[in-house]
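A quick write-up on the structure given underneath.
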Amino acid sequence: MVKRLKINDISKDTEQLTSVANEDLMPLPWDIEEKEWEPLSDDIKEKYVCILDDTMILPIPKPKTKEEEDELVKKFLAGMEKLFSKENNWTFLSMIETTMENCAKCNTCSDACHQYEASGKNEMYRPTYKSEVFRRIYKKYIKKEPLSGLRNGNVDLNWRTVARLGELAYRCNVCRRCAQTCPIGVDNALVAREIRKIFSQEMGITTPELHDKGSMLQLGVGSSTGMTPMVVRDNVDFIDEDFSEELGVEFKTPWDVEGADILLIHNAGEIMSWPDNVAAFSLIFNRAGLSWTLSSDIAAYDSINYGVFYDDVQAARTALIHAQAAKKLGVRRIVLGECGHAHKALTVIADRILPPGLQVPRESCFPILRDIVKSGKLNLDPSRNDFPVTLHDPCNVTRLMGIIKPQREIMAAICPQFREMVPHGVHNYCCGGGSGYAIMSRNTIHEWRNKIAGRKKIEQILNAFSDCRGPEQKKYVCAPCSNCKGQIRDMIERYELLEKENMTYAGVVELIVNAMPDVEHEVIIKWEEGY
Amino acid sequence: MTSLTYLVAYAAIIVFLLAVASRIIRYIKNPIHLRWELYPVAHEGGDRASYGGSYYEDVDWWNKPRHSSRINELKVMIPEILFLLAVFEHKRPLWYVTYPFHLGLYFVVLFIGLLGIGSISQLTGIMADTPIMTAVFAVTNLLGPAGLILTVAGAVGLLFKRITDPDLSNYSSFEHYFNLVLFIVTAGVGIITWLFVDPTFDMARTFVANFISFNFAAIDSSLFILQVLLVVLTIAYIPLTHMSHFFMKYFLYHDIRWGDEPNIDSPKTDEKIGIVLNYPVTWSAPHIAGTGNTWAEVATHNPAAAKEEKKE
């Protein structure tokens, strides 16, 4: 393995290019024994290219012959050619071209990256490493700049370079914290996303979680959870019944109400994994007297849009279906539940995809919830939330959409022991589950997520509760995003924070419901195993 | 040699202008892109820019007036341009050398501008022998040497860093070193010319006057000719490299990073979207179903439903 990586090392004929040893990891504010990396199985190594580091996210079939190796390179270059054409990549051409042309390679962005820092500043995960490899290929093979090697530096382009670049595109949460610090405006996170696009849109190589079990399943049956319209209605009916009983208050979730003011779209993962969130929304919206509905149209009951992580075409298809469902019901607006990437996908990204007839106004749930809480309609009692609460800012909601204050105004109104993480808001750190990681647990990916991608976040969480450590004090991490919740759930479990710190997690709406005086106390929020 | 110097100077300025124009036109001619803004967006009105908030913080945001503040934008832009704040905040050791370098270049640009004013006065007699022009000459005489010295000092520092700091050396190519050496040599020759040939910049001012009046008057000093050639060639070279960021940064910030204009009743945007949705798609992966179909056709095709139909 190469200790201090150079750019051209990416093309080296070695079995595994780098590894993050436990002693290299960024220290955490408490003693914790990290496990050694589990080795990837021989079966996986036989089938797929596993030559980057300690895990494998993008299953690239291992080339068996010289022809297959050459084909991998050829296809990648064909995709790269298309990436820099206006017809195939009008979506991001301006951004990727300017990023390729204007980077001063000053590495001002490096220290902003949580993965780079958590890995002990392993060169492989520096935001500019993959970009630099990609740029050198672009300048030489796509732009065909005269004297490109001399001017920009060389990189040997072979099948290993291509395979490692593809894998490396999945060592970035695309949180864009690096881009935020760039003096010029270059976006190295975007490079990761654009490489993912070449693999998906040209080479047909994607991660099963995002594609086959993600966007394709959603387009096929209606949800990446596999729930069909009938199943989702049954499940939500069950949630209504179950939580009405547990909370001691009756409520009913409306379905397919034509002409309603609001079409609320949840991440369907909530229905499966965090039904309390779905119940809380229904209870709050009903009590606030809103005119609202869910839709049982295919894909319109699941706000996820995994295309935004790896494939523009899949992103466009999903956004169109969401807008069509709203049109069909004749609602005035779409409101997105607690899911960060769904927020950005449908409000920001889709803004220049949807044709005029499908431009239904789209907005976040947080300003609505803030207005409900501040209106006094719910008669909330903050003392029912009298435990330390900290707020995780989903990158898509904050850094990429600028929704910062509404969540905080809610916290200020109903959580007497609220405390911020440092840094927070628009300068937050990613939870480590961004850009699709949170739904991946194959082979050693879960270990990567906990050890490296989520390390900075868990450090922030622990620091936020530094004045009340130990199991005696209940603690609540408010993570209003399904992917972030999944990642934080896994880290709490991995580091045994429920047992050691009495720490739980959920969203904003659970805190609102918990503050309702007539609702059974601490039913919607649980501090117990298996939550 | 004199005529050749003038001709090279004209050619270099033309190359500079063409290179800048070509980069800008290429960018502007690109089709509409998806929104990809990054907060804080500096032009957000009220106090939102200060904490990175946006109009999405309002319920029914599309029905409310969006407050955009040019002052807020300038509050971010001016310190960033003048002091390179992002580098100062996020990579302080680099700032210590890159800031003198950039400040030196700012001074040199101002110096050339003041030389231009002086030469116009010299040519036309406007404001000649007035206190204003005396002040212009005095500032010129200060900015020139200061700019050249800072440029050399900063470039030497940057070169040292690029060579010795592994954070930078791994990412530095021949062009980086060449560029810095070019600045050191050009500004260094400028300092020598100032010290030994043209301490009052009269020769420089006369050259600029001749240049803008197309008067190929003789230049007495070989060192001065060398300085002119180095300066104009450097000017021509800058927009051909990544240093084009000095003007492309405008688009990176205003059109991408701060490009938060929503598509509400905007026939212009809808027209642009209509154009791109009719572009042909040739991505080859099976699920795209591309091969010449338009974006509109591809985006409304459901590959998962097609799979199901095939099964049946």
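Residue numbers start at 1 in each chain; chains themselves are named A, B, ... in the order of the structure tokens; ligands are numbered from 1 in the order shown.
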
Please find the residues of chain B near chain A - the criterion being any atom within 6 Å, counting only C-alpha atoms - and write them as a count of residues only.
30

So that I can check the surroundings of B:Gly45, please list as a ChimeraX atom specification every protein, DNA and RNA residue that reaches within 10 Å of it, counting only C-alpha atoms and ignoring chain neighbours fewer than 5 positions away.
/B:50,53-55,66-73

Can you tell me how far atom CA of B:Arg205 sits from atom CA of B:Met127, in Å to one decimal?
15.4 Å

Got a sec to tell me which of stretch 12-170 of chain A DSSP assigns to helix (DSSP H, G or I), as a ChimeraX atom specification?
/A:22-24,42-47,66-83,86-89,93-102,110-112,114-118,123-125,127-142,148-152,159-168

Name all residues at most 7 Å from A:Gly486 (count only C-alpha atoms; drop same-chain ones fewer than 4 positions away) and give them as a PyMOL selection string.
chain A and resi 438+482+490

Go ahead and dump the residues you just picked, C-alpha atoms, as a JSON list (two decimals), in the first residue's frame.
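Here's the written file selection_38.json:
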[["chain", "number", "residue", "atom", "x", "y", "z"],
["A", 438, "ALA", "CA", -27.12, 6.12, 4.75],
["A", 482, "SER", "CA", -34.63, 10.41, 6.94],
["A", 490, "ASP", "CA", -26.47, 3.47, 13.15]]

For atom CA of B:Tyr177 and atom CA of B:Gly157, determine how far apart the two atoms are, in Å to one decimal place.
11.8 Å

Which residues are close to A:Pro416, i.e. within 12 Å by only C-alpha atoms, leaving aside same-chain residues fewer than 4 positions away? Reply as a count of residues only.
17

Among stretch 110-278 of chain A, which ones does DSSP place in strand (DSSP E or B), written as a ChimeraX atom specification?
/A:255,262-265

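The coordinates place atom CA of A:Cys178 at 28.8 Å from atom CA of A:Glu36.
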
Residues of stretch 198-278 of chain B at most 7 Å from stretch 14-25 of chain B: nearest atom pair and distance in Å, only C-alpha atoms, as JSON lines:
{"residue": "B:Ile235", "atom": "CA", "partner": "B:Phe16", "partner_atom": "CA", "distance": 6.4}
{"residue": "B:Ala236", "atom": "CA", "partner": "B:Phe16", "partner_atom": "CA", "distance": 4.3}
{"residue": "B:Pro239", "atom": "CA", "partner": "B:Ala19", "partner_atom": "CA", "distance": 5.8}
{"residue": "B:Leu240", "atom": "CA", "partner": "B:Ala19", "partner_atom": "CA", "distance": 6.4}

Tell me which protein, DNA and RNA residues are within 9 Å of stretch 185-197 of chain B, counting only C-alpha atoms, leaving out same-chain ones fewer than 2 positions away, and put them as a PDB file with N, CA and C atoms, in the first residue's frame.
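Here's the written file result.pdb:
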ATOM      1  N   GLY B 144       3.586  51.770  -8.318  1.00  0.00           N
ATOM      2  CA  GLY B 144       4.416  50.952  -9.214  1.00  0.00           C
ATOM      3  C   GLY B 144       5.417  50.113  -8.446  1.00  0.00           C
ATOM      4  N   PRO B 145       6.329  50.769  -7.724  1.00  0.00           N
ATOM      5  CA  PRO B 145       7.330  49.980  -6.978  1.00  0.00           C
ATOM      6  C   PRO B 145       6.688  49.056  -5.940  1.00  0.00           C
ATOM      7  N   GLY B 147       3.737  47.687  -5.955  1.00  0.00           N
ATOM      8  CA  GLY B 147       3.110  46.547  -6.629  1.00  0.00           C
ATOM      9  C   GLY B 147       4.137  45.544  -7.108  1.00  0.00           C
ATOM     10  N   LEU B 148       5.194  46.034  -7.700  1.00  0.00           N
ATOM     11  CA  LEU B 148       6.220  45.129  -8.242  1.00  0.00           C
ATOM     12  C   LEU B 148       6.901  44.345  -7.120  1.00  0.00           C
ATOM     13  N   ILE B 149       7.218  45.045  -6.042  1.00  0.00           N
ATOM     14  CA  ILE B 149       7.905  44.385  -4.916  1.00  0.00           C
ATOM     15  C   ILE B 149       6.995  43.336  -4.276  1.00  0.00           C
ATOM     16  N   THR B 151       4.522  41.802  -5.661  1.00  0.00           N
ATOM     17  CA  THR B 151       4.323  40.689  -6.597  1.00  0.00           C
ATOM     18  C   THR B 151       5.499  39.716  -6.532  1.00  0.00           C
ATOM     19  N   VAL B 152       6.694  40.262  -6.552  1.00  0.00           N
ATOM     20  CA  VAL B 152       7.875  39.386  -6.499  1.00  0.00           C
ATOM     21  C   VAL B 152       7.910  38.639  -5.163  1.00  0.00           C
ATOM     22  N   LEU B 180       4.634  31.176 -11.878  1.00  0.00           N
ATOM     23  CA  LEU B 180       5.224  31.955 -10.786  1.00  0.00           C
ATOM     24  C   LEU B 180       6.577  32.526 -11.194  1.00  0.00           C
ATOM     25  N   VAL B 181       7.361  31.733 -11.903  1.00  0.00           N
ATOM     26  CA  VAL B 181       8.664  32.232 -12.360  1.00  0.00           C
ATOM     27  C   VAL B 181       8.448  33.392 -13.338  1.00  0.00           C
ATOM     28  N   LEU B 182       7.434  33.259 -14.191  1.00  0.00           N
ATOM     29  CA  LEU B 182       7.132  34.337 -15.143  1.00  0.00           C
ATOM     30  C   LEU B 182       6.828  35.637 -14.400  1.00  0.00           C
ATOM     31  N   PHE B 183       6.033  35.528 -13.330  1.00  0.00           N
ATOM     32  CA  PHE B 183       5.708  36.741 -12.556  1.00  0.00           C
ATOM     33  C   PHE B 183       6.944  37.292 -11.853  1.00  0.00           C
ATOM     34  N   PRO B 199      13.194  55.780 -13.042  1.00  0.00           N
ATOM     35  CA  PRO B 199      12.759  55.929 -11.650  1.00  0.00           C
ATOM     36  C   PRO B 199      11.496  56.776 -11.488  1.00  0.00           C
ATOM     37  N   THR B 200      11.187  57.641 -12.467  1.00  0.00           N
ATOM     38  CA  THR B 200       9.989  58.497 -12.334  1.00  0.00           C
ATOM     39  C   THR B 200       8.837  57.968 -13.192  1.00  0.00           C
ATOM     40  N   PHE B 201       9.039  56.891 -13.874  1.00  0.00           N
ATOM     41  CA  PHE B 201       8.056  56.277 -14.789  1.00  0.00           C
ATOM     42  C   PHE B 201       7.678  57.186 -15.960  1.00  0.00           C
ATOM     43  N   MET B 203       9.337  57.335 -18.740  1.00  0.00           N
ATOM     44  CA  MET B 203       9.517  56.525 -19.939  1.00  0.00           C
ATOM     45  C   MET B 203       8.294  55.621 -20.141  1.00  0.00           C
ATOM     46  N   SER B 221      15.970  52.372 -24.332  1.00  0.00           N
ATOM     47  CA  SER B 221      16.558  51.402 -23.411  1.00  0.00           C
ATOM     48  C   SER B 221      16.174  49.959 -23.766  1.00  0.00           C
ATOM     49  N   LEU B 223      16.580  47.454 -21.779  1.00  0.00           N
ATOM     50  CA  LEU B 223      15.951  46.908 -20.567  1.00  0.00           C
ATOM     51  C   LEU B 223      14.468  47.272 -20.539  1.00  0.00           C
ATOM     52  N   PHE B 224      14.181  48.501 -20.932  1.00  0.00           N
ATOM     53  CA  PHE B 224      12.776  48.917 -20.952  1.00  0.00           C
ATOM     54  C   PHE B 224      11.993  48.099 -21.979  1.00  0.00           C
ATOM     55  N   LEU B 226      12.650  45.090 -22.929  1.00  0.00           N
ATOM     56  CA  LEU B 226      12.467  43.751 -22.328  1.00  0.00           C
ATOM     57  C   LEU B 226      11.305  43.771 -21.343  1.00  0.00           C
ATOM     58  N   GLN B 227      11.263  44.841 -20.545  1.00  0.00           N
ATOM     59  CA  GLN B 227      10.174  44.937 -19.561  1.00  0.00           C
ATOM     60  C   GLN B 227       8.819  44.999 -20.244  1.00  0.00           C
ATOM     61  N   VAL B 228       8.733  45.824 -21.295  1.00  0.00           N
ATOM     62  CA  VAL B 228       7.458  45.947 -22.016  1.00  0.00           C
ATOM     63  C   VAL B 228       7.052  44.599 -22.579  1.00  0.00           C
ATOM     64  N   LEU B 230       7.896  41.583 -21.632  1.00  0.00           N
ATOM     65  CA  LEU B 230       7.498  40.636 -20.575  1.00  0.00           C
ATOM     66  C   LEU B 230       6.098  40.964 -20.033  1.00  0.00           C
ATOM     67  N   VAL B 231       5.839  42.239 -19.825  1.00  0.00           N
ATOM     68  CA  VAL B 231       4.534  42.632 -19.272  1.00  0.00           C
ATOM     69  C   VAL B 231       3.415  42.267 -20.237  1.00  0.00           C
ATOM     70  N   THR B 234       2.872  38.543 -20.542  1.00  0.00           N
ATOM     71  CA  THR B 234       2.216  38.020 -19.333  1.00  0.00           C
ATOM     72  C   THR B 234       0.725  38.337 -19.373  1.00  0.00           C
TER      73      THR B 234
END
